[in-house]
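Asks: Below is a structure I'd like to ask you about.
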Amino acid sequence: MMNSLKIAFIVNGAKKKANATMKEIRHVFSGYSIDIFLTRFSGHAIALAASAVSGGAQVIVSVGGDGTLNEVLNGFLQGCENTLPLRRQDLFLGIVAMGTGNDFVRNLENKATLPELKRCIDAKLYQKTDIGMAEFTAPDSTPGVRYFLNIADIGIGGVIAEKISRYSRRLGATVTYQSAIFSAFMTYSPQPISVQTDTEQVRSNMMGLVIANGKHFGNGLGIAPFGEINDGFFDVVMLKNITLFDYLLQMNNVKKCKPIRHPEVSYSKTQSLTAQSLSAPLPIDMDGEFIGYTPVHFSVLPLWINILTAGERLVERRAVI
């Protein structure tokens, strides 16, 4: 008997296994009404997700990495705005991790696989999750707005994201990310930034400024060890006069998602943040992708979307229809 729930899968078409993945989706969800959409270019997932929501899909599933998830999130919200903004409260976002880093799903209790997604749907398991909103300067100098689930950062992170976009990933995610990080440290120096949070204003030279909803970025680097995706706050990490030597010394702690014990590193929480470069505009990285430049304003949207996931600590039970 066919389940009446309508599910749209947005699959990263750049992945070599895309065709095999679509075959697996049809097999695992044979009892559901499903649509499968394959992305063809950067930004395509935004349009596909928005169209799926406008077309009546109740579950939108991102099948790819953090970049695909970011686009699907933005299309998901765009589709809600195009129909009825409050409709997002009755829609659900699913995640199947098939990317290079898959950093956001490290915050979830379960593995982001197709069988696990089906189990969460059948058992009606989900959690409400915060998202971040960024208002910034787009590459064409026009005002830009974009949403994110995981992490945004300013400075060296944008440089690293730009380098990764040009690197071959045949050697794997870890080598690709570490090569980009080492290269960036060799060419980038701390830049003067003014940062205003809910509780403080800081003016300092910074290697990087991290605005985190989740804990990890860069293929498992635990940059925000105190981050929680449903606490209503960003975790802010200021990396000031940090060198490549400092990074190498602290790498073990970062990989284990432990706090960095260094006088040039600070942690705080805030619900909003404004960052302004005191020299040239600085690049902004969002979920591993370059999106634009400072100045930028970040806001938390608490418990804004429903993510299909399991876990006794974070789960909220409700009919997924």
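Here, A, B, ... name the chains of the structure tokens in the order displayed, residue numbers run from 1 inside each chain, and ligands are numbered from 1 in the same displayed order.
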Return as a PDB file with N, CA and C atoms, in the first residue's frame the full set of residues in region 1-53 of chain A whose backbone-based DSSP assignment is alpha helix (DSSP H).
Replies:
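Everything below was put into states.pdb:
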ATOM      1  N   ALA A  18      25.820   9.091  -8.252  1.00  0.00           N
ATOM      2  CA  ALA A  18      24.475   9.681  -8.262  1.00  0.00           C
ATOM      3  C   ALA A  18      23.440   8.715  -8.829  1.00  0.00           C
ATOM      4  N   ASN A  19      23.751   8.041  -9.944  1.00  0.00           N
ATOM      5  CA  ASN A  19      22.782   7.128 -10.552  1.00  0.00           C
ATOM      6  C   ASN A  19      22.498   5.932  -9.646  1.00  0.00           C
ATOM      7  N   ALA A  20      23.544   5.397  -9.018  1.00  0.00           N
ATOM      8  CA  ALA A  20      23.358   4.279  -8.098  1.00  0.00           C
ATOM      9  C   ALA A  20      22.549   4.724  -6.882  1.00  0.00           C
ATOM     10  N   THR A  21      22.767   5.950  -6.450  1.00  0.00           N
ATOM     11  CA  THR A  21      22.025   6.487  -5.306  1.00  0.00           C
ATOM     12  C   THR A  21      20.549   6.611  -5.633  1.00  0.00           C
ATOM     13  N   MET A  22      20.228   7.091  -6.813  1.00  0.00           N
ATOM     14  CA  MET A  22      18.828   7.219  -7.206  1.00  0.00           C
ATOM     15  C   MET A  22      18.142   5.855  -7.255  1.00  0.00           C
ATOM     16  N   LYS A  23      18.864   4.848  -7.706  1.00  0.00           N
ATOM     17  CA  LYS A  23      18.323   3.483  -7.731  1.00  0.00           C
ATOM     18  C   LYS A  23      18.039   2.997  -6.315  1.00  0.00           C
ATOM     19  N   GLU A  24      18.966   3.289  -5.386  1.00  0.00           N
ATOM     20  CA  GLU A  24      18.776   2.882  -3.991  1.00  0.00           C
ATOM     21  C   GLU A  24      17.592   3.611  -3.360  1.00  0.00           C
ATOM     22  N   ILE A  25      17.429   4.889  -3.675  1.00  0.00           N
ATOM     23  CA  ILE A  25      16.292   5.654  -3.144  1.00  0.00           C
ATOM     24  C   ILE A  25      14.974   4.995  -3.554  1.00  0.00           C
ATOM     25  N   ARG A  26      14.870   4.647  -4.829  1.00  0.00           N
ATOM     26  CA  ARG A  26      13.636   4.019  -5.323  1.00  0.00           C
ATOM     27  C   ARG A  26      13.369   2.694  -4.620  1.00  0.00           C
ATOM     28  N   HIS A  27      14.443   1.966  -4.315  1.00  0.00           N
ATOM     29  CA  HIS A  27      14.288   0.674  -3.637  1.00  0.00           C
ATOM     30  C   HIS A  27      13.852   0.862  -2.185  1.00  0.00           C
ATOM     31  N   VAL A  28      14.576   1.705  -1.436  1.00  0.00           N
ATOM     32  CA  VAL A  28      14.295   1.889  -0.009  1.00  0.00           C
ATOM     33  C   VAL A  28      12.927   2.517   0.208  1.00  0.00           C
ATOM     34  N   HIS A  44      21.696  25.019  -8.148  1.00  0.00           N
ATOM     35  CA  HIS A  44      20.532  24.332  -8.693  1.00  0.00           C
ATOM     36  C   HIS A  44      19.656  23.742  -7.589  1.00  0.00           C
ATOM     37  N   ALA A  45      20.296  23.254  -6.503  1.00  0.00           N
ATOM     38  CA  ALA A  45      19.533  22.638  -5.414  1.00  0.00           C
ATOM     39  C   ALA A  45      18.589  23.638  -4.748  1.00  0.00           C
ATOM     40  N   ILE A  46      18.950  24.920  -4.753  1.00  0.00           N
ATOM     41  CA  ILE A  46      18.066  25.942  -4.176  1.00  0.00           C
ATOM     42  C   ILE A  46      16.763  25.991  -4.956  1.00  0.00           C
ATOM     43  N   ALA A  47      16.887  26.073  -6.280  1.00  0.00           N
ATOM     44  CA  ALA A  47      15.698  26.144  -7.126  1.00  0.00           C
ATOM     45  C   ALA A  47      14.876  24.861  -7.049  1.00  0.00           C
ATOM     46  N   LEU A  48      15.547  23.711  -7.020  1.00  0.00           N
ATOM     47  CA  LEU A  48      14.843  22.427  -6.979  1.00  0.00           C
ATOM     48  C   LEU A  48      14.072  22.263  -5.672  1.00  0.00           C
ATOM     49  N   ALA A  49      14.717  22.613  -4.549  1.00  0.00           N
ATOM     50  CA  ALA A  49      14.055  22.479  -3.247  1.00  0.00           C
ATOM     51  C   ALA A  49      12.874  23.438  -3.137  1.00  0.00           C
ATOM     52  N   ALA A  50      13.046  24.677  -3.608  1.00  0.00           N
ATOM     53  CA  ALA A  50      11.958  25.654  -3.564  1.00  0.00           C
ATOM     54  C   ALA A  50      10.768  25.175  -4.388  1.00  0.00           C
ATOM     55  N   SER A  51      11.045  24.634  -5.569  1.00  0.00           N
ATOM     56  CA  SER A  51       9.986  24.128  -6.439  1.00  0.00           C
ATOM     57  C   SER A  51       9.279  22.939  -5.807  1.00  0.00           C
ATOM     58  N   ALA A  52      10.043  22.055  -5.136  1.00  0.00           N
ATOM     59  CA  ALA A  52       9.450  20.879  -4.498  1.00  0.00           C
ATOM     60  C   ALA A  52       8.504  21.278  -3.376  1.00  0.00           C
ATOM     61  N   VAL A  53       8.908  22.268  -2.569  1.00  0.00           N
ATOM     62  CA  VAL A  53       8.038  22.748  -1.486  1.00  0.00           C
ATOM     63  C   VAL A  53       6.781  23.382  -2.070  1.00  0.00           C
TER      64      VAL A  53
END
Asks: Just list as number ranges by chain whatever in region 227-313 of chain A DSSP marks as strand (DSSP E).
Replies: A: 234-239, 265-270, 272-277, 283-286, 289-307
Asks: Just want the 8 Å neighbourhood of Val296 (chain A), counted on only C-alpha atoms, with same-chain residues fewer than 6 positions away dropped. Output as a list in words.
Replies: Ala134, Glu135, Phe136, Thr137, Thr274, Ala275 and Gln276 of chain A
Asks: Keeping only C-alpha atoms, write the selected residues to a file as a short mmCIF file (atom, residue, chain, number, x, y, z; two decimals), in the first residue's frame.
Replies:
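Generated file (out-v4.cif):
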data_model
loop_
_atom_site.label_atom_id
_atom_site.label_comp_id
_atom_site.auth_asym_id
_atom_site.auth_seq_id
_atom_site.Cartn_x
_atom_site.Cartn_y
_atom_site.Cartn_z
CA ALA A 134 23.55 36.05 7.33
CA GLU A 135 23.10 39.45 5.70
CA PHE A 136 26.26 40.33 3.77
CA THR A 137 27.75 41.78 0.60
CA THR A 274 28.00 42.07 13.29
CA ALA A 275 31.47 41.93 11.75
CA GLN A 276 33.18 44.73 9.84
#
Asks: CA of Leu84 (chain A) and CA of Ser4 (chain A), how far apart in Å?
Replies: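 A separation of 21.2 Å between them.
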Asks: Please, what distance in Å, to one decimal, runs between CA of Phe92 (chain A) and CA of Gly79 (chain A)?
Replies: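 It comes out at 12.6 Å.
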Asks: Of the candidates A:Trp304, A:Ile10, A:Asp235, A:Gly31, which one gets nearest to Gln89 (chain A) if we count only C-alpha atoms?
Replies: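 Once distances to Gln89 (chain A) are computed over only C-alpha atoms, the minimum belongs to A:Trp304.
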Asks: Interatomic distance between CA of Val175 (chain A) and CA of Phe226 (chain A)?
Replies: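 Result for CA of Val175 (chain A) versus CA of Phe226 (chain A): 26.2 Å, one decimal.
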Asks: Counting only C-alpha atoms, which of A:Ala8, A:Cys120, A:Ile95, A:Phe37 gets nearest to Gly55 (chain A)?
Replies: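 The answer is A:Ala8, which sits nearest to Gly55 (chain A).
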Asks: If you count only C-alpha atoms, which residues fall within 12 Å of Gly208 (chain A), apart from same-chain ones fewer than 5 positions away, as a ChimeraX atom specification?
Replies: /A:152-160,184-185,188-193,195,223,236-243,264-266,275,277,282-285
Asks: Produce a file of the selected residues containing N, CA, C and O atoms, as a compact mmCIF listing (two decimals), in the first residue's frame.
Replies:
# COMPACT_ATOMS: atom_id res chain seq x y z
N ALA A 152 29.51 29.35 9.73
CA ALA A 152 30.04 30.38 8.83
C ALA A 152 31.31 30.93 9.47
O ALA A 152 31.44 30.94 10.69
N ASP A 153 32.24 31.36 8.65
CA ASP A 153 33.44 31.97 9.22
C ASP A 153 34.00 33.01 8.26
O ASP A 153 33.73 33.00 7.07
N ILE A 154 34.77 33.92 8.84
CA ILE A 154 35.28 35.09 8.13
C ILE A 154 36.80 35.08 8.18
O ILE A 154 37.40 34.78 9.23
N GLY A 155 37.42 35.42 7.07
CA GLY A 155 38.88 35.50 7.05
C GLY A 155 39.50 34.30 6.38
O GLY A 155 39.19 33.98 5.23
N ILE A 156 40.34 33.58 7.10
CA ILE A 156 41.08 32.48 6.51
C ILE A 156 40.16 31.37 6.02
O ILE A 156 40.46 30.66 5.07
N GLY A 157 38.98 31.21 6.67
CA GLY A 157 38.03 30.19 6.24
C GLY A 157 37.56 30.40 4.82
O GLY A 157 37.41 29.46 4.04
N GLY A 158 37.30 31.68 4.45
CA GLY A 158 36.91 31.98 3.09
C GLY A 158 38.02 31.70 2.10
O GLY A 158 37.78 31.23 0.98
N VAL A 159 39.26 31.97 2.50
CA VAL A 159 40.42 31.67 1.65
C VAL A 159 40.54 30.17 1.44
O VAL A 159 40.78 29.69 0.32
N ILE A 160 40.37 29.40 2.52
CA ILE A 160 40.45 27.94 2.44
C ILE A 160 39.35 27.40 1.52
O ILE A 160 39.60 26.52 0.68
N ALA A 184 46.85 28.10 3.08
CA ALA A 184 46.28 29.37 3.52
C ALA A 184 47.11 30.01 4.63
O ALA A 184 47.32 31.22 4.64
N PHE A 185 47.58 29.19 5.57
CA PHE A 185 48.41 29.72 6.66
C PHE A 185 49.72 30.32 6.13
O PHE A 185 50.26 31.26 6.73
N TYR A 188 48.22 33.85 4.24
CA TYR A 188 47.24 34.74 4.85
C TYR A 188 47.75 35.21 6.21
O TYR A 188 48.36 34.43 6.96
N SER A 189 47.49 36.45 6.56
CA SER A 189 47.90 36.99 7.85
C SER A 189 46.69 37.58 8.57
O SER A 189 45.68 37.91 7.94
N PRO A 190 46.73 37.69 9.90
CA PRO A 190 45.60 38.24 10.65
C PRO A 190 45.20 39.62 10.14
O PRO A 190 46.05 40.47 9.87
N GLN A 191 43.87 39.82 10.01
CA GLN A 191 43.32 41.07 9.48
C GLN A 191 42.54 41.81 10.56
O GLN A 191 41.91 41.19 11.43
N PRO A 192 42.54 43.14 10.54
CA PRO A 192 41.81 43.92 11.56
C PRO A 192 40.30 43.82 11.36
O PRO A 192 39.78 44.12 10.29
N ILE A 193 39.60 43.40 12.41
CA ILE A 193 38.15 43.20 12.36
C ILE A 193 37.50 43.84 13.58
O ILE A 193 38.04 43.77 14.69
N VAL A 195 34.11 43.45 15.80
CA VAL A 195 33.04 42.47 16.04
C VAL A 195 32.15 42.97 17.16
O VAL A 195 32.63 43.30 18.25
N ILE A 223 35.85 22.75 15.79
CA ILE A 223 36.23 24.13 16.08
C ILE A 223 35.37 24.76 17.17
O ILE A 223 35.80 25.69 17.85
N VAL A 236 30.68 31.60 19.18
CA VAL A 236 31.64 32.45 18.48
C VAL A 236 33.05 32.07 18.90
O VAL A 236 33.36 32.02 20.09
N VAL A 237 33.88 31.80 17.91
CA VAL A 237 35.28 31.47 18.17
C VAL A 237 36.14 32.52 17.46
O VAL A 237 36.08 32.66 16.24
N MET A 238 36.92 33.26 18.25
CA MET A 238 37.83 34.27 17.69
C MET A 238 39.24 33.71 17.69
O MET A 238 39.79 33.39 18.75
N LEU A 239 39.81 33.59 16.51
CA LEU A 239 41.18 33.13 16.33
C LEU A 239 42.02 34.34 15.95
O LEU A 239 41.95 34.81 14.81
N LYS A 240 42.77 34.84 16.88
CA LYS A 240 43.48 36.10 16.65
C LYS A 240 44.86 35.85 16.02
O LYS A 240 44.94 35.41 14.89
N ASN A 241 45.93 36.12 16.73
CA ASN A 241 47.25 35.96 16.12
C ASN A 241 47.71 34.50 16.24
O ASN A 241 48.59 34.15 17.02
N ILE A 242 47.10 33.66 15.40
CA ILE A 242 47.39 32.23 15.37
C ILE A 242 48.29 31.93 14.19
O ILE A 242 48.05 32.39 13.07
N THR A 243 49.31 31.10 14.41
CA THR A 243 50.24 30.73 13.36
C THR A 243 50.02 29.27 12.95
O THR A 243 49.30 28.52 13.61
N GLU A 264 45.33 33.54 22.41
CA GLU A 264 44.81 34.24 21.23
C GLU A 264 43.52 33.60 20.70
O GLU A 264 43.07 33.93 19.60
N VAL A 265 42.93 32.69 21.49
CA VAL A 265 41.68 32.04 21.09
C VAL A 265 40.65 32.27 22.18
O VAL A 265 40.92 32.09 23.37
N SER A 266 39.43 32.70 21.79
CA SER A 266 38.37 32.93 22.77
C SER A 266 37.06 32.31 22.29
O SER A 266 36.83 32.16 21.09
N ALA A 275 30.03 41.89 11.99
CA ALA A 275 31.47 41.93 11.75
C ALA A 275 31.77 42.88 10.60
O ALA A 275 31.13 42.83 9.55
N SER A 277 35.21 44.53 8.51
CA SER A 277 36.65 44.62 8.32
C SER A 277 37.10 46.07 8.47
O SER A 277 36.43 47.00 8.01
N LEU A 282 36.53 41.25 3.78
CA LEU A 282 37.05 39.91 3.99
C LEU A 282 36.07 38.86 3.48
O LEU A 282 34.85 39.04 3.55
N PRO A 283 36.59 37.74 2.96
CA PRO A 283 35.72 36.69 2.42
C PRO A 283 34.98 35.95 3.53
O PRO A 283 35.49 35.78 4.64
N ILE A 284 33.77 35.50 3.21
CA ILE A 284 32.94 34.74 4.14
C ILE A 284 32.74 33.33 3.60
O ILE A 284 32.36 33.14 2.44
N ASP A 285 33.01 32.35 4.45
CA ASP A 285 32.77 30.94 4.12
C ASP A 285 31.52 30.49 4.85
O ASP A 285 31.35 30.77 6.04
Asks: Using only C-alpha atoms, which protein or nucleic acid residues come within 9 Å of region 63-77 of chain A? Drop anything in the same chain fewer than 2 positions from it, and give the result as number ranges by chain.
Replies: A: 9-13, 15, 21, 42-53, 60-61, 79-82, 85, 88, 93-105, 146-150, 286-289
Asks: If we count only C-alpha atoms and set the cut-off at 10 Å, which residues sit around Lys256 (chain A), ignoring sequence neighbours fewer than 5 positions away in its own chain? Please answer as a PyMOL selection string.
Replies: chain A and resi 220-223+225+251
Asks: Any chance you could export the current selection's N, CA and C atoms as a short mmCIF file (atom, residue, chain, number, x, y, z; two decimals), in the first residue's frame?
Replies:
data_model
loop_
_atom_site.label_atom_id
_atom_site.label_comp_id
_atom_site.auth_asym_id
_atom_site.auth_seq_id
_atom_site.Cartn_x
_atom_site.Cartn_y
_atom_site.Cartn_z
N GLY A 220 35.49 17.33 9.91
CA GLY A 220 35.60 16.77 11.25
C GLY A 220 36.43 17.55 12.24
N LEU A 221 36.82 18.78 11.90
CA LEU A 221 37.57 19.60 12.85
C LEU A 221 36.59 20.23 13.84
N GLY A 222 36.73 19.90 15.12
CA GLY A 222 35.79 20.37 16.14
C GLY A 222 36.12 21.77 16.62
N ILE A 223 35.85 22.75 15.79
CA ILE A 223 36.23 24.13 16.08
C ILE A 223 35.37 24.76 17.17
N PRO A 225 33.58 23.41 20.24
CA PRO A 225 33.26 22.27 21.13
C PRO A 225 32.03 22.47 21.99
N MET A 251 46.19 20.73 16.81
CA MET A 251 45.41 19.91 15.90
C MET A 251 44.73 18.73 16.59
#
Asks: Taking into account only C-alpha atoms, which residue in the set A:Ala212, A:Ala310, A:Met206, A:Val145 is nearest to Ala123 (chain A)?
Replies: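 Counting only C-alpha atoms, the residue closest to Ala123 (chain A) is A:Ala310.
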